[in-house]
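Enquirer: Below you'll find the structure I mean.
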Amino acid sequence: MARWSWFRRDAPLLSVTGDTGTGPVVVMIHGIASSSVTFHHLVPLLEPTHRCITIDILGFGASPSPEGATYSLDEHAAALDRTIRSLGLRQPFTLVGHSLGSLIAARYAATHRRALDRLVLVSSPIYLPPAVLGDPVDRASMGAYFTVYEFLRMNPSFTQRTAAALATVAPIKNVLELTEKNWQPFMLSLQNAIESQTTLADLSRVRVPIDLVYGALDPFLAPGGLAIVQQLRHVRAHRVSGVAHIIRPKLAQAVARVVAEPPATWVE
């Protein structure tokens, strides 16, 4: 508890990698083993009508990797909070999170209810303990994700070699970066933010409209978790055919359309 109190008080500033355009503010945070290049196709679509701010999350891209960090959702969100406060934004803004960034965004939105006017979650890996799922297929599918992630954490050489191979064919340059330098943030974020998430509970506490945008071919989406989130009354789901996890042009266009639309009316 003492260590976490220290971290909350002294959460590091993250790297603000881009701040372009004018208009309503859109803050974007990326996912695990990546950086703000995630939004390479999205920013040009939004900046003619919006102020687009991109931020590298804790431990990745150009942001710091503090000694002693455990990379829990609380720590990620605390660093995000300090960074957003440093920007001096005066009006509620739209927060867009991709992959792990969407889980961090959900935690931030749950604890900063007046900061946002909308939450947009893209390619969200929303997982639940398999035992809570009634459908045996969903239960087995959910369990498989945890098994794979544990294997990746326990086998750093294999995981880094595989990531390096995938990076050579990735559709956006440097969108996948996993090396010895960011192994600790990767491994701990996977364990303490993705595998140990309470995102469903976070989303139930959010008091602004939520848009969930995802690709029909995304291999990281668990159908059981996705189905439960879509039942929340303040969530609108947007399924994009023919796309997977990374924000390629078609997925970027879908996210831009969502951001450009008026948010759904919030009803208590």
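Residues are named by chain letter and number: chains run A, B, ... in the order of the structure tokens, numbers start at 1 in each chain, and ligands are numbered from 1 in the order shown.
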Using DSSP assignments from the backbone, pull out every residue in segment 163-222 of chain A that falls under strand (DSSP E) and give it to me as a list in words.
Expert: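 Strand (DSSP E) assignments inside segment 163-222 of chain A correspond to Ile210, Asp211, Leu212, Val213, Tyr214 and Gly215 of chain A.
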Enquirer: Enumerate as a PDB file with C-alpha atoms, in the first residue's frame all residues of segment 25-262 of chain A assigned to alpha helix (DSSP H) by DSSP on the backbone, naming them with the chain letters and numbers the document uses.
Expert:
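result.pdb was written with the following content:
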ATOM      1  CA  VAL A  43      -5.086  11.132 -36.859  1.00  0.00           C
ATOM      2  CA  PRO A  44      -5.189  12.445 -40.468  1.00  0.00           C
ATOM      3  CA  LEU A  45      -8.912  11.691 -40.622  1.00  0.00           C
ATOM      4  CA  LEU A  46      -9.678  13.594 -37.421  1.00  0.00           C
ATOM      5  CA  LEU A  73      -4.312  -0.566 -14.571  1.00  0.00           C
ATOM      6  CA  ASP A  74      -4.197   1.765 -11.576  1.00  0.00           C
ATOM      7  CA  GLU A  75      -0.604   2.741 -12.338  1.00  0.00           C
ATOM      8  CA  HIS A  76      -1.241   3.162 -16.060  1.00  0.00           C
ATOM      9  CA  ALA A  77      -4.302   5.313 -15.320  1.00  0.00           C
ATOM     10  CA  ALA A  78      -2.451   7.402 -12.696  1.00  0.00           C
ATOM     11  CA  ALA A  79       0.270   8.280 -15.201  1.00  0.00           C
ATOM     12  CA  LEU A  80      -2.347   9.064 -17.829  1.00  0.00           C
ATOM     13  CA  ASP A  81      -4.196  11.296 -15.358  1.00  0.00           C
ATOM     14  CA  ARG A  82      -1.100  13.315 -14.477  1.00  0.00           C
ATOM     15  CA  THR A  83      -0.256  13.744 -18.161  1.00  0.00           C
ATOM     16  CA  ILE A  84      -3.756  14.867 -19.116  1.00  0.00           C
ATOM     17  CA  ARG A  85      -3.829  17.322 -16.202  1.00  0.00           C
ATOM     18  CA  SER A  86      -0.537  18.780 -17.440  1.00  0.00           C
ATOM     19  CA  LEU A 100      -4.631  -2.380 -23.698  1.00  0.00           C
ATOM     20  CA  GLY A 101      -5.159   1.363 -24.092  1.00  0.00           C
ATOM     21  CA  SER A 102      -8.898   0.742 -24.077  1.00  0.00           C
ATOM     22  CA  LEU A 103      -8.645  -0.982 -20.686  1.00  0.00           C
ATOM     23  CA  ILE A 104      -6.613   1.932 -19.330  1.00  0.00           C
ATOM     24  CA  ALA A 105      -9.145   4.342 -20.828  1.00  0.00           C
ATOM     25  CA  ALA A 106     -12.003   2.476 -19.130  1.00  0.00           C
ATOM     26  CA  ARG A 107     -10.258   2.700 -15.747  1.00  0.00           C
ATOM     27  CA  TYR A 108      -9.593   6.425 -16.264  1.00  0.00           C
ATOM     28  CA  ALA A 109     -13.197   7.064 -17.322  1.00  0.00           C
ATOM     29  CA  ALA A 110     -14.551   5.191 -14.296  1.00  0.00           C
ATOM     30  CA  THR A 111     -12.526   7.340 -11.894  1.00  0.00           C
ATOM     31  CA  PRO A 136     -18.893 -24.026 -22.205  1.00  0.00           C
ATOM     32  CA  VAL A 137     -17.550 -22.794 -25.557  1.00  0.00           C
ATOM     33  CA  ASP A 138     -17.087 -19.251 -24.215  1.00  0.00           C
ATOM     34  CA  ARG A 139     -15.531 -20.675 -21.054  1.00  0.00           C
ATOM     35  CA  ALA A 140     -13.015 -22.743 -23.018  1.00  0.00           C
ATOM     36  CA  SER A 141     -12.226 -19.835 -25.345  1.00  0.00           C
ATOM     37  CA  MET A 142     -11.622 -17.473 -22.428  1.00  0.00           C
ATOM     38  CA  GLY A 143      -9.391 -20.008 -20.703  1.00  0.00           C
ATOM     39  CA  ALA A 144      -7.310 -20.380 -23.844  1.00  0.00           C
ATOM     40  CA  TYR A 145      -6.379 -16.688 -23.795  1.00  0.00           C
ATOM     41  CA  PHE A 146      -5.072 -16.922 -20.235  1.00  0.00           C
ATOM     42  CA  THR A 147      -3.089 -20.063 -21.098  1.00  0.00           C
ATOM     43  CA  VAL A 148      -1.462 -18.409 -24.124  1.00  0.00           C
ATOM     44  CA  TYR A 149      -0.638 -15.204 -22.236  1.00  0.00           C
ATOM     45  CA  GLU A 150       0.963 -17.147 -19.405  1.00  0.00           C
ATOM     46  CA  PHE A 151       3.092 -19.013 -21.944  1.00  0.00           C
ATOM     47  CA  LEU A 152       4.197 -15.735 -23.547  1.00  0.00           C
ATOM     48  CA  ARG A 153       5.156 -14.272 -20.174  1.00  0.00           C
ATOM     49  CA  MET A 154       7.131 -17.356 -19.166  1.00  0.00           C
ATOM     50  CA  PRO A 156      10.659 -14.242 -23.165  1.00  0.00           C
ATOM     51  CA  SER A 157      13.064 -15.396 -25.873  1.00  0.00           C
ATOM     52  CA  PHE A 158      10.302 -17.097 -27.853  1.00  0.00           C
ATOM     53  CA  THR A 159       7.950 -14.149 -27.406  1.00  0.00           C
ATOM     54  CA  GLN A 160      10.514 -11.551 -28.479  1.00  0.00           C
ATOM     55  CA  ARG A 161      11.573 -13.595 -31.517  1.00  0.00           C
ATOM     56  CA  THR A 162       7.955 -14.054 -32.563  1.00  0.00           C
ATOM     57  CA  ALA A 163       7.213 -10.350 -32.100  1.00  0.00           C
ATOM     58  CA  ALA A 164      10.258  -9.420 -34.183  1.00  0.00           C
ATOM     59  CA  ALA A 165       9.101 -11.706 -36.997  1.00  0.00           C
ATOM     60  CA  LEU A 166       5.573 -10.285 -36.897  1.00  0.00           C
ATOM     61  CA  ALA A 167       6.922  -6.734 -36.886  1.00  0.00           C
ATOM     62  CA  TRP A 183      10.117  -6.681 -21.763  1.00  0.00           C
ATOM     63  CA  GLN A 184       9.400  -5.849 -18.122  1.00  0.00           C
ATOM     64  CA  PRO A 185       6.601  -3.357 -18.963  1.00  0.00           C
ATOM     65  CA  PHE A 186       5.200  -5.877 -21.450  1.00  0.00           C
ATOM     66  CA  MET A 187       5.275  -8.862 -19.132  1.00  0.00           C
ATOM     67  CA  LEU A 188       3.857  -6.979 -16.127  1.00  0.00           C
ATOM     68  CA  SER A 189       1.215  -5.119 -18.173  1.00  0.00           C
ATOM     69  CA  THR A 199     -12.842  -3.751 -17.118  1.00  0.00           C
ATOM     70  CA  LEU A 200     -16.452  -4.893 -17.007  1.00  0.00           C
ATOM     71  CA  ALA A 201     -16.802  -3.379 -13.530  1.00  0.00           C
ATOM     72  CA  ASP A 202     -15.034  -0.214 -14.716  1.00  0.00           C
ATOM     73  CA  LEU A 203     -17.413   0.196 -17.646  1.00  0.00           C
ATOM     74  CA  SER A 204     -20.437  -0.178 -15.377  1.00  0.00           C
ATOM     75  CA  ARG A 205     -19.180   2.882 -13.450  1.00  0.00           C
ATOM     76  CA  PRO A 223     -16.746 -13.495 -27.608  1.00  0.00           C
ATOM     77  CA  GLY A 224     -17.975 -14.077 -24.044  1.00  0.00           C
ATOM     78  CA  GLY A 225     -16.576 -10.793 -22.735  1.00  0.00           C
ATOM     79  CA  LEU A 226     -17.664  -8.878 -25.818  1.00  0.00           C
ATOM     80  CA  ALA A 227     -21.243 -10.133 -25.540  1.00  0.00           C
ATOM     81  CA  ILE A 228     -21.558  -9.068 -21.905  1.00  0.00           C
ATOM     82  CA  VAL A 229     -20.177  -5.564 -22.549  1.00  0.00           C
ATOM     83  CA  GLN A 230     -22.602  -5.033 -25.406  1.00  0.00           C
ATOM     84  CA  PRO A 249      -7.427   2.354 -42.950  1.00  0.00           C
ATOM     85  CA  LYS A 250     -10.850   0.667 -42.872  1.00  0.00           C
ATOM     86  CA  LEU A 251     -10.921   0.435 -39.072  1.00  0.00           C
ATOM     87  CA  ALA A 252      -9.577   4.005 -38.830  1.00  0.00           C
ATOM     88  CA  GLN A 253     -12.436   5.219 -41.010  1.00  0.00           C
ATOM     89  CA  ALA A 254     -14.962   3.478 -38.776  1.00  0.00           C
ATOM     90  CA  VAL A 255     -13.471   5.040 -35.635  1.00  0.00           C
ATOM     91  CA  ALA A 256     -13.388   8.484 -37.276  1.00  0.00           C
ATOM     92  CA  ARG A 257     -17.079   8.178 -38.173  1.00  0.00           C
ATOM     93  CA  VAL A 258     -17.919   7.297 -34.584  1.00  0.00           C
ATOM     94  CA  VAL A 259     -15.958  10.262 -33.221  1.00  0.00           C
ATOM     95  CA  ALA A 260     -17.617  12.618 -35.736  1.00  0.00           C
TER      96      ALA A 260
END
Enquirer: Can you tell me how far atom CA of Asp56 of chain A sits from atom CA of Ser36 of chain A, in Å to one decimal?
Expert: 5.7 Å
Enquirer: Just want the 6 Å neighbourhood of segment 49-52 of chain A, counted on only C-alpha atoms, with same-chain residues fewer than 2 positions away dropped. Output as a PDB file with N, CA, C and O atoms, in the first residue's frame.
Expert:
ATOM      1  N   ASP A  19       0.214  16.556 -31.033  1.00  0.00           N
ATOM      2  CA  ASP A  19      -0.847  17.489 -30.640  1.00  0.00           C
ATOM      3  C   ASP A  19      -1.100  18.369 -31.853  1.00  0.00           C
ATOM      4  O   ASP A  19      -0.433  19.387 -32.055  1.00  0.00           O
ATOM      5  N   THR A  20      -2.059  17.966 -32.684  1.00  0.00           N
ATOM      6  CA  THR A  20      -2.300  18.639 -33.954  1.00  0.00           C
ATOM      7  C   THR A  20      -3.785  18.896 -34.144  1.00  0.00           C
ATOM      8  O   THR A  20      -4.632  18.238 -33.540  1.00  0.00           O
ATOM      9  N   GLY A  21      -4.100  19.847 -35.020  1.00  0.00           N
ATOM     10  CA  GLY A  21      -5.481  20.159 -35.343  1.00  0.00           C
ATOM     11  C   GLY A  21      -6.122  21.066 -34.308  1.00  0.00           C
ATOM     12  O   GLY A  21      -5.570  21.330 -33.238  1.00  0.00           O
ATOM     13  N   THR A  22      -7.302  21.537 -34.636  1.00  0.00           N
ATOM     14  CA  THR A  22      -8.078  22.374 -33.728  1.00  0.00           C
ATOM     15  C   THR A  22      -9.513  21.885 -33.696  1.00  0.00           C
ATOM     16  O   THR A  22      -9.993  21.264 -34.631  1.00  0.00           O
ATOM     17  N   GLY A  23     -10.191  22.201 -32.595  1.00  0.00           N
ATOM     18  CA  GLY A  23     -11.570  21.777 -32.428  1.00  0.00           C
ATOM     19  C   GLY A  23     -11.725  20.950 -31.180  1.00  0.00           C
ATOM     20  O   GLY A  23     -10.861  20.977 -30.286  1.00  0.00           O
ATOM     21  N   PRO A  24     -12.822  20.185 -31.075  1.00  0.00           N
ATOM     22  CA  PRO A  24     -13.009  19.324 -29.910  1.00  0.00           C
ATOM     23  C   PRO A  24     -11.814  18.389 -29.724  1.00  0.00           C
ATOM     24  O   PRO A  24     -11.262  17.868 -30.688  1.00  0.00           O
ATOM     25  N   VAL A  25     -11.443  18.174 -28.473  1.00  0.00           N
ATOM     26  CA  VAL A  25     -10.222  17.416 -28.181  1.00  0.00           C
ATOM     27  C   VAL A  25     -10.494  15.913 -28.204  1.00  0.00           C
ATOM     28  O   VAL A  25     -11.484  15.438 -27.624  1.00  0.00           O
ATOM     29  N   VAL A  26      -9.593  15.175 -28.853  1.00  0.00           N
ATOM     30  CA  VAL A  26      -9.593  13.713 -28.839  1.00  0.00           C
ATOM     31  C   VAL A  26      -8.226  13.266 -28.341  1.00  0.00           C
ATOM     32  O   VAL A  26      -7.201  13.570 -28.961  1.00  0.00           O
ATOM     33  N   LEU A  46      -9.034  12.804 -38.462  1.00  0.00           N
ATOM     34  CA  LEU A  46      -9.678  13.594 -37.421  1.00  0.00           C
ATOM     35  C   LEU A  46      -9.151  15.021 -37.320  1.00  0.00           C
ATOM     36  O   LEU A  46      -9.889  15.940 -36.952  1.00  0.00           O
ATOM     37  N   GLU A  47      -7.870  15.247 -37.631  1.00  0.00           N
ATOM     38  CA  GLU A  47      -7.267  16.554 -37.331  1.00  0.00           C
ATOM     39  C   GLU A  47      -7.848  17.731 -38.119  1.00  0.00           C
ATOM     40  O   GLU A  47      -7.726  18.869 -37.655  1.00  0.00           O
TER      41      GLU A  47
END
Enquirer: I'd like to know which of A:Ser99, A:Asn155, A:Asp117, A:Ala11 is closest to Ala193 of chain A, using only C-alpha atoms.
Expert: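 Ranked by minimum distance to Ala193 of chain A, first place goes to A:Ser99.
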Enquirer: Using atom CA of Asp211 of chain A and atom CA of Leu128 of chain A as the two end points, give the distance in Å to one decimal.
Expert: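 So the two atoms, atom CA of Asp211 of chain A and atom CA of Leu128 of chain A, lie 19.8 Å apart.
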Enquirer: Quick one: residues within 7 Å of Gly59 of chain A, only C-alpha atoms counted, chain neighbours fewer than 5 positions away excluded, as a list in words?
Expert: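 Residues meeting the cut-off are Pro64, Ser65, Asn182 and Pro185 of chain A.
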Enquirer: In terms of the shortest atom-to-atom distance over only C-alpha atoms, which of A:Ile194, A:Leu232, A:Ile55, A:Val27 is closest to Leu14 of chain A?
Expert: A:Ile55
Enquirer: If I take atom CA of Ser196 of chain A and atom CA of Phe39 of chain A, how far is one from the other in Å, to one decimal?
Expert: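 One can read the atom CA of Ser196 of chain A to atom CA of Phe39 of chain A distance as 25.9 Å.
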Enquirer: For Leu116 of chain A, which residue among A:Leu221, A:Leu58, A:Val206, A:Ala264 is the nearest when counting only C-alpha atoms?
Expert: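 Between A:Leu221, A:Leu58, A:Val206, A:Ala264, the residue approaching Leu116 of chain A most closely is A:Val206.
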